[in-house]
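> input.txt is reproduced in full below (compact mmCIF, N, CA and C atoms).
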```txt
# COMPACT_ATOMS: atom_id res chain seq x y z
N MET A 10 73.32 38.47 50.02
CA MET A 10 73.13 37.74 51.25
C MET A 10 73.91 36.44 51.15
N THR A 11 74.52 36.06 52.25
CA THR A 11 75.27 34.81 52.24
C THR A 11 74.36 33.65 52.57
N ASP A 12 74.71 32.46 52.05
CA ASP A 12 73.91 31.28 52.30
C ASP A 12 74.30 30.59 53.60
N SER A 13 75.52 30.81 54.04
CA SER A 13 76.01 30.12 55.23
C SER A 13 75.62 30.88 56.49
N PHE A 14 75.93 30.27 57.61
CA PHE A 14 75.66 30.90 58.89
C PHE A 14 76.69 31.98 59.19
N ALA A 15 77.71 32.08 58.36
CA ALA A 15 78.74 33.10 58.49
C ALA A 15 79.52 32.95 59.78
N LYS A 16 79.91 31.72 60.11
CA LYS A 16 80.68 31.46 61.32
C LYS A 16 82.10 31.99 61.23
N ASP A 17 82.56 32.27 60.04
CA ASP A 17 83.93 32.74 59.87
C ASP A 17 84.08 34.24 60.10
N GLY A 18 83.03 34.89 60.57
CA GLY A 18 83.10 36.31 60.83
C GLY A 18 82.64 37.16 59.67
N SER A 19 82.30 36.54 58.54
CA SER A 19 81.80 37.31 57.41
C SER A 19 80.40 37.81 57.73
N SER A 20 79.98 38.82 56.99
CA SER A 20 78.68 39.41 57.30
C SER A 20 77.54 38.64 56.67
N ASP A 21 76.36 38.87 57.20
CA ASP A 21 75.13 38.28 56.71
C ASP A 21 74.07 39.38 56.79
N GLU A 22 72.94 39.18 56.14
CA GLU A 22 71.87 40.17 56.18
C GLU A 22 70.92 39.89 57.33
N PHE A 23 70.54 40.97 58.00
CA PHE A 23 69.57 40.90 59.09
C PHE A 23 68.51 41.94 58.84
N ILE A 24 67.27 41.60 59.20
CA ILE A 24 66.18 42.56 59.11
C ILE A 24 65.94 43.10 60.52
N VAL A 25 65.71 44.40 60.59
CA VAL A 25 65.55 45.08 61.88
C VAL A 25 64.27 45.90 61.82
N ALA A 26 63.39 45.69 62.79
CA ALA A 26 62.13 46.41 62.85
C ALA A 26 61.76 46.66 64.30
N GLY A 27 60.99 47.70 64.52
CA GLY A 27 60.55 48.03 65.87
C GLY A 27 59.48 47.09 66.37
N ARG A 28 59.52 46.82 67.66
CA ARG A 28 58.46 46.01 68.28
C ARG A 28 57.19 46.83 68.45
N SER A 29 57.34 48.15 68.53
CA SER A 29 56.20 49.04 68.69
C SER A 29 56.13 49.97 67.49
N THR A 30 54.96 50.11 66.92
CA THR A 30 54.81 51.01 65.78
C THR A 30 54.74 52.47 66.20
N SER A 31 54.54 52.73 67.49
CA SER A 31 54.38 54.10 67.94
C SER A 31 55.70 54.81 68.22
N ASP A 32 56.83 54.07 68.21
CA ASP A 32 58.11 54.68 68.56
C ASP A 32 59.19 54.21 67.61
N THR A 33 59.67 55.12 66.76
CA THR A 33 60.74 54.77 65.83
C THR A 33 62.11 55.25 66.30
N SER A 34 62.18 55.82 67.50
CA SER A 34 63.45 56.34 68.00
C SER A 34 64.48 55.24 68.21
N HIS A 35 64.02 54.03 68.52
CA HIS A 35 64.96 52.92 68.73
C HIS A 35 65.64 52.53 67.42
N LEU A 36 64.90 52.61 66.32
CA LEU A 36 65.49 52.32 65.02
C LEU A 36 66.55 53.37 64.67
N THR A 37 66.30 54.61 65.02
CA THR A 37 67.28 55.67 64.81
C THR A 37 68.52 55.44 65.66
N ALA A 38 68.33 55.04 66.90
CA ALA A 38 69.46 54.74 67.78
C ALA A 38 70.25 53.54 67.25
N PHE A 39 69.56 52.56 66.69
CA PHE A 39 70.22 51.41 66.09
C PHE A 39 71.10 51.86 64.92
N GLU A 40 70.56 52.73 64.07
CA GLU A 40 71.34 53.25 62.94
C GLU A 40 72.60 53.97 63.44
N ASP A 41 72.47 54.73 64.51
CA ASP A 41 73.63 55.42 65.08
C ASP A 41 74.66 54.42 65.59
N ALA A 42 74.20 53.33 66.20
CA ALA A 42 75.11 52.30 66.72
C ALA A 42 75.85 51.59 65.59
N LEU A 43 75.22 51.47 64.42
CA LEU A 43 75.87 50.83 63.28
C LEU A 43 77.12 51.58 62.84
N LYS A 44 77.13 52.89 63.05
CA LYS A 44 78.27 53.71 62.63
C LYS A 44 79.55 53.31 63.36
N ASP A 45 79.42 52.71 64.54
CA ASP A 45 80.58 52.31 65.33
C ASP A 45 81.05 50.89 65.03
N ILE A 46 80.37 50.19 64.13
CA ILE A 46 80.71 48.80 63.83
C ILE A 46 81.36 48.72 62.45
N SER A 47 82.60 48.30 62.43
CA SER A 47 83.34 48.17 61.18
C SER A 47 82.68 47.13 60.28
N GLY A 48 82.43 47.52 59.03
CA GLY A 48 81.85 46.60 58.06
C GLY A 48 80.34 46.54 58.07
N ALA A 49 79.69 47.12 59.06
CA ALA A 49 78.23 47.12 59.11
C ALA A 49 77.69 48.14 58.11
N ALA A 50 76.59 47.79 57.46
CA ALA A 50 76.02 48.70 56.47
C ALA A 50 74.52 48.47 56.34
N ILE A 51 73.82 49.55 56.04
CA ILE A 51 72.39 49.45 55.73
C ILE A 51 72.28 49.09 54.25
N VAL A 52 71.63 47.96 53.98
CA VAL A 52 71.46 47.48 52.61
C VAL A 52 70.20 48.08 52.00
N ALA A 53 69.13 48.18 52.80
CA ALA A 53 67.86 48.69 52.29
C ALA A 53 67.02 49.23 53.43
N ARG A 54 66.16 50.16 53.08
CA ARG A 54 65.14 50.68 54.00
C ARG A 54 63.80 50.34 53.39
N GLY A 55 62.84 50.01 54.23
CA GLY A 55 61.54 49.66 53.69
C GLY A 55 60.46 49.82 54.72
N GLY A 56 59.30 49.31 54.39
CA GLY A 56 58.16 49.38 55.28
C GLY A 56 57.32 50.61 55.02
N ARG A 57 56.33 50.76 55.85
CA ARG A 57 55.46 51.93 55.79
C ARG A 57 56.00 52.99 56.75
N PRO A 58 55.55 54.23 56.61
CA PRO A 58 56.04 55.27 57.53
C PRO A 58 55.80 54.93 59.01
N ASP A 59 54.70 54.22 59.30
CA ASP A 59 54.42 53.87 60.69
C ASP A 59 55.07 52.55 61.10
N GLN A 60 55.65 51.82 60.15
CA GLN A 60 56.32 50.55 60.45
C GLN A 60 57.57 50.39 59.59
N PRO A 61 58.57 51.25 59.81
CA PRO A 61 59.78 51.15 59.00
C PRO A 61 60.62 49.95 59.41
N HIS A 62 61.45 49.48 58.49
CA HIS A 62 62.41 48.44 58.82
C HIS A 62 63.68 48.65 58.01
N LEU A 63 64.74 48.02 58.45
CA LEU A 63 66.03 48.08 57.78
C LEU A 63 66.48 46.68 57.43
N VAL A 64 67.26 46.56 56.38
CA VAL A 64 68.01 45.34 56.10
C VAL A 64 69.47 45.77 56.21
N VAL A 65 70.22 45.09 57.07
CA VAL A 65 71.60 45.49 57.35
C VAL A 65 72.55 44.32 57.18
N ASN A 66 73.80 44.62 56.86
CA ASN A 66 74.88 43.63 56.85
C ASN A 66 75.59 43.69 58.18
N LEU A 67 75.69 42.56 58.86
CA LEU A 67 76.37 42.45 60.14
C LEU A 67 77.03 41.08 60.24
N THR A 68 78.04 40.97 61.08
CA THR A 68 78.53 39.64 61.43
C THR A 68 77.57 39.07 62.46
N PRO A 69 77.49 37.77 62.59
CA PRO A 69 76.62 37.19 63.62
C PRO A 69 76.97 37.68 65.03
N GLN A 70 78.26 37.90 65.28
CA GLN A 70 78.67 38.39 66.60
C GLN A 70 78.15 39.80 66.85
N ASP A 71 78.25 40.67 65.84
CA ASP A 71 77.73 42.02 65.98
C ASP A 71 76.22 42.01 66.13
N ALA A 72 75.55 41.12 65.41
CA ALA A 72 74.09 41.01 65.53
C ALA A 72 73.70 40.62 66.95
N GLU A 73 74.42 39.66 67.54
CA GLU A 73 74.12 39.24 68.92
C GLU A 73 74.35 40.39 69.90
N HIS A 74 75.42 41.14 69.69
CA HIS A 74 75.69 42.29 70.56
C HIS A 74 74.56 43.31 70.46
N LEU A 75 74.12 43.61 69.25
CA LEU A 75 73.04 44.58 69.07
C LEU A 75 71.71 44.04 69.59
N LYS A 76 71.49 42.74 69.49
CA LYS A 76 70.28 42.14 70.07
C LYS A 76 70.27 42.33 71.58
N SER A 77 71.42 42.17 72.22
CA SER A 77 71.47 42.34 73.67
C SER A 77 71.23 43.80 74.05
N ARG A 78 71.61 44.71 73.18
CA ARG A 78 71.44 46.13 73.47
C ARG A 78 70.04 46.64 73.12
N PHE A 79 69.49 46.18 72.00
CA PHE A 79 68.22 46.72 71.49
C PHE A 79 67.08 45.70 71.48
N GLY A 80 67.32 44.49 71.96
CA GLY A 80 66.35 43.41 71.82
C GLY A 80 64.99 43.65 72.44
N THR A 81 64.91 44.50 73.45
CA THR A 81 63.59 44.76 74.06
C THR A 81 62.76 45.70 73.20
N ALA A 82 63.42 46.50 72.34
CA ALA A 82 62.71 47.48 71.54
C ALA A 82 62.65 47.13 70.05
N LEU A 83 63.62 46.31 69.59
CA LEU A 83 63.70 46.00 68.17
C LEU A 83 63.73 44.50 67.94
N ILE A 84 63.20 44.09 66.82
CA ILE A 84 63.32 42.71 66.36
C ILE A 84 64.51 42.69 65.40
N ILE A 85 65.49 41.85 65.68
CA ILE A 85 66.69 41.74 64.84
C ILE A 85 66.83 40.27 64.48
N GLU A 86 66.53 39.93 63.25
CA GLU A 86 66.53 38.53 62.82
C GLU A 86 67.27 38.38 61.49
N ARG A 87 67.88 37.23 61.32
CA ARG A 87 68.55 36.93 60.05
C ARG A 87 67.52 37.00 58.93
N ASN A 88 67.88 37.66 57.85
CA ASN A 88 66.99 37.78 56.70
C ASN A 88 66.91 36.43 56.01
N ALA A 89 65.72 35.95 55.75
CA ALA A 89 65.51 34.63 55.15
C ALA A 89 65.99 34.61 53.71
N LYS A 90 66.65 33.53 53.36
CA LYS A 90 67.06 33.34 51.97
C LYS A 90 65.83 32.98 51.15
N LEU A 91 65.67 33.64 50.03
CA LEU A 91 64.54 33.35 49.15
C LEU A 91 65.00 32.38 48.08
N SER A 92 64.23 31.34 47.88
CA SER A 92 64.54 30.34 46.87
C SER A 92 63.38 30.24 45.89
N PRO A 93 63.67 30.06 44.61
CA PRO A 93 62.58 29.90 43.64
C PRO A 93 61.86 28.58 43.86
N PHE A 94 60.60 28.54 43.50
CA PHE A 94 59.81 27.31 43.66
C PHE A 94 60.24 26.27 42.68
```
Would you write the structure of this file as structure tokens?


Amino acid sequence: MTDSFAKDGSSDEFIVAGRSTSDTSHLTAFEDALKDISGAAIVARGGRPDQPHLVVNLTPQDAEHLKSRFGTALIIERNAKLSPF
């Protein structure tokens, strides 16, 4: 994960999860949309079967585009940097 806001077009990590636990089809559609974005990649899959989530590499511009497309069904947020205490 990068520490910067990635304004230079480099990728950053984003976490993606469904707003509704009853419908995971939007997450599947999101994965399909990633295939059309150069440099986008799934870093990790996690969560429970009823609440799956993805961690993906995207540029901030691609993340904004996907938020406009999937924002009503998915939560797409920059993955928080973890720092030791």

> Using only N, CA and C atoms, which residue out of A:Glu73, A:Thr33, A:Ser20, A:Ala89 lies closest to A:Gly48?

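The shortest atom-to-atom distance to A:Gly48 comes from A:Ser20.
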
> Measure the distance from atom N of A:Ala50 to atom CA of A:Asp32 in Å and round it to one decimal.

22.6 Å

> From a backbone DSSP assignment, name each residue in chain A labelled helix (DSSP H, G or I), as a PyMOL selection string.

chain A and resi 34-43+69-79

> Give me the residues within 10 Å of A:Leu43 as an MDAnalysis selection string, counting only C-alpha atoms and dropping any in the same chain fewer than 5 places off.

chainID A and resid 37:38 48:51 65:67 71 75

> Pick out the closest residue to A:Glu22 from this set: A:Pro69, A:Gly80, A:Gly56, A:Pro61. Count only C-alpha atoms.

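Smallest separation from A:Glu22 among the options: A:Pro69.
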
> For atom N of A:Ser19 and atom C of A:Gln70, quote the distance in Å rounded to one decimal.

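Computed distance, atom N of A:Ser19 to atom C of A:Gln70, equals 9.8 Å.
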
> At a cut-off of 8 Å, using only N, CA and C atoms, what residues contact A:Thr81? Leave out same-chain residues fewer than 4 positions from it and give the result as a PDB file with N, CA and C atoms, keeping the file's coordinate frame.


```pdb
ATOM      1  N   GLY A  27      60.990  47.700  64.520  1.00  0.00           N
ATOM      2  CA  GLY A  27      60.550  48.030  65.870  1.00  0.00           C
ATOM      3  C   GLY A  27      59.480  47.090  66.370  1.00  0.00           C
ATOM      4  N   ARG A  28      59.520  46.820  67.660  1.00  0.00           N
ATOM      5  CA  ARG A  28      58.460  46.010  68.280  1.00  0.00           C
ATOM      6  C   ARG A  28      57.190  46.830  68.450  1.00  0.00           C
ATOM      7  N   SER A  29      57.340  48.150  68.530  1.00  0.00           N
ATOM      8  CA  SER A  29      56.200  49.040  68.690  1.00  0.00           C
ATOM      9  C   SER A  29      56.130  49.970  67.490  1.00  0.00           C
ATOM     10  N   LEU A  75      74.120  43.610  69.250  1.00  0.00           N
ATOM     11  CA  LEU A  75      73.040  44.580  69.070  1.00  0.00           C
ATOM     12  C   LEU A  75      71.710  44.040  69.590  1.00  0.00           C
ATOM     13  N   LYS A  76      71.490  42.740  69.490  1.00  0.00           N
ATOM     14  CA  LYS A  76      70.280  42.140  70.070  1.00  0.00           C
ATOM     15  C   LYS A  76      70.270  42.330  71.580  1.00  0.00           C
ATOM     16  N   SER A  77      71.420  42.170  72.220  1.00  0.00           N
ATOM     17  CA  SER A  77      71.470  42.340  73.670  1.00  0.00           C
ATOM     18  C   SER A  77      71.230  43.800  74.050  1.00  0.00           C
TER      19      SER A  77
END
```

> Of the candidates A:Leu63, A:Ala53, A:Ala26, A:Ala42, which one gets nearest to A:Leu83 if we count all atoms listed in the file?

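Using all atoms listed in the file, A:Leu83 sits closest to A:Ala26.
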
> To test your reading of the structure, identify every residue in chain A that backbone DSSP assigns to strand (DSSP E or B), and report it as a PyMOL selection string.

chain A and resi 21-27+50-57+60-67+83-87

> Write out, as an mmCIF file, in the coordinates of the input, the residues just selected, with N, CA and C atoms.


```
data_model
loop_
_atom_site.group_PDB
_atom_site.id
_atom_site.type_symbol
_atom_site.label_atom_id
_atom_site.label_comp_id
_atom_site.auth_asym_id
_atom_site.auth_seq_id
_atom_site.Cartn_x
_atom_site.Cartn_y
_atom_site.Cartn_z
ATOM 1 N N ASP A 21 76.360 38.870 57.200
ATOM 2 C CA ASP A 21 75.130 38.280 56.710
ATOM 3 C C ASP A 21 74.070 39.380 56.790
ATOM 4 N N GLU A 22 72.940 39.180 56.140
ATOM 5 C CA GLU A 22 71.870 40.170 56.180
ATOM 6 C C GLU A 22 70.920 39.890 57.330
ATOM 7 N N PHE A 23 70.540 40.970 58.000
ATOM 8 C CA PHE A 23 69.570 40.900 59.090
ATOM 9 C C PHE A 23 68.510 41.940 58.840
ATOM 10 N N ILE A 24 67.270 41.600 59.200
ATOM 11 C CA ILE A 24 66.180 42.560 59.110
ATOM 12 C C ILE A 24 65.940 43.100 60.520
ATOM 13 N N VAL A 25 65.710 44.400 60.590
ATOM 14 C CA VAL A 25 65.550 45.080 61.880
ATOM 15 C C VAL A 25 64.270 45.900 61.820
ATOM 16 N N ALA A 26 63.390 45.690 62.790
ATOM 17 C CA ALA A 26 62.130 46.410 62.850
ATOM 18 C C ALA A 26 61.760 46.660 64.300
ATOM 19 N N GLY A 27 60.990 47.700 64.520
ATOM 20 C CA GLY A 27 60.550 48.030 65.870
ATOM 21 C C GLY A 27 59.480 47.090 66.370
ATOM 22 N N ALA A 50 76.590 47.790 57.460
ATOM 23 C CA ALA A 50 76.020 48.700 56.470
ATOM 24 C C ALA A 50 74.520 48.470 56.340
ATOM 25 N N ILE A 51 73.820 49.550 56.040
ATOM 26 C CA ILE A 51 72.390 49.450 55.730
ATOM 27 C C ILE A 51 72.280 49.090 54.250
ATOM 28 N N VAL A 52 71.630 47.960 53.980
ATOM 29 C CA VAL A 52 71.460 47.480 52.610
ATOM 30 C C VAL A 52 70.200 48.080 52.000
ATOM 31 N N ALA A 53 69.130 48.180 52.800
ATOM 32 C CA ALA A 53 67.860 48.690 52.290
ATOM 33 C C ALA A 53 67.020 49.230 53.430
ATOM 34 N N ARG A 54 66.160 50.160 53.080
ATOM 35 C CA ARG A 54 65.140 50.680 54.000
ATOM 36 C C ARG A 54 63.800 50.340 53.390
ATOM 37 N N GLY A 55 62.840 50.010 54.230
ATOM 38 C CA GLY A 55 61.540 49.660 53.690
ATOM 39 C C GLY A 55 60.460 49.820 54.720
ATOM 40 N N GLY A 56 59.300 49.310 54.390
ATOM 41 C CA GLY A 56 58.160 49.380 55.280
ATOM 42 C C GLY A 56 57.320 50.610 55.020
ATOM 43 N N ARG A 57 56.330 50.760 55.850
ATOM 44 C CA ARG A 57 55.460 51.930 55.790
ATOM 45 C C ARG A 57 56.000 52.990 56.750
ATOM 46 N N GLN A 60 55.650 51.820 60.150
ATOM 47 C CA GLN A 60 56.320 50.550 60.450
ATOM 48 C C GLN A 60 57.570 50.390 59.590
ATOM 49 N N PRO A 61 58.570 51.250 59.810
ATOM 50 C CA PRO A 61 59.780 51.150 59.000
ATOM 51 C C PRO A 61 60.620 49.950 59.410
ATOM 52 N N HIS A 62 61.450 49.480 58.490
ATOM 53 C CA HIS A 62 62.410 48.440 58.820
ATOM 54 C C HIS A 62 63.680 48.650 58.010
ATOM 55 N N LEU A 63 64.740 48.020 58.450
ATOM 56 C CA LEU A 63 66.030 48.080 57.780
ATOM 57 C C LEU A 63 66.480 46.680 57.430
ATOM 58 N N VAL A 64 67.260 46.560 56.380
ATOM 59 C CA VAL A 64 68.010 45.340 56.100
ATOM 60 C C VAL A 64 69.470 45.770 56.210
ATOM 61 N N VAL A 65 70.220 45.090 57.070
ATOM 62 C CA VAL A 65 71.600 45.490 57.350
ATOM 63 C C VAL A 65 72.550 44.320 57.180
ATOM 64 N N ASN A 66 73.800 44.620 56.860
ATOM 65 C CA ASN A 66 74.880 43.630 56.850
ATOM 66 C C ASN A 66 75.590 43.690 58.180
ATOM 67 N N LEU A 67 75.690 42.560 58.860
ATOM 68 C CA LEU A 67 76.370 42.450 60.140
ATOM 69 C C LEU A 67 77.030 41.080 60.240
ATOM 70 N N LEU A 83 63.620 46.310 69.590
ATOM 71 C CA LEU A 83 63.700 46.000 68.170
ATOM 72 C C LEU A 83 63.730 44.500 67.940
ATOM 73 N N ILE A 84 63.200 44.090 66.820
ATOM 74 C CA ILE A 84 63.320 42.710 66.360
ATOM 75 C C ILE A 84 64.510 42.690 65.400
ATOM 76 N N ILE A 85 65.490 41.850 65.680
ATOM 77 C CA ILE A 85 66.690 41.740 64.840
ATOM 78 C C ILE A 85 66.830 40.270 64.480
ATOM 79 N N GLU A 86 66.530 39.930 63.250
ATOM 80 C CA GLU A 86 66.530 38.530 62.820
ATOM 81 C C GLU A 86 67.270 38.380 61.490
ATOM 82 N N ARG A 87 67.880 37.230 61.320
ATOM 83 C CA ARG A 87 68.550 36.930 60.050
ATOM 84 C C ARG A 87 67.520 37.000 58.930
#
```

> So the first atom is atom C of A:Val25 and the second is atom N of A:His62; what is the distance between them in Å, to one decimal place?

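Result for atom C of A:Val25 versus atom N of A:His62: 5.6 Å, one decimal.
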
> Considering only C-alpha atoms, state which residue in the set A:Ile24, A:Ser34, A:Phe79, A:Arg87 is at the smallest distance from A:Asp59.

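The closest residue to A:Asp59 is A:Ser34.
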
> Compare A:Ala72, A:Gln60, A:Lys44, A:Arg54 by their minimum atom-to-atom distance to A:Ile85, counting only N, CA and C atoms, and give me the closest one.

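Smallest separation from A:Ile85 among the options: A:Ala72.
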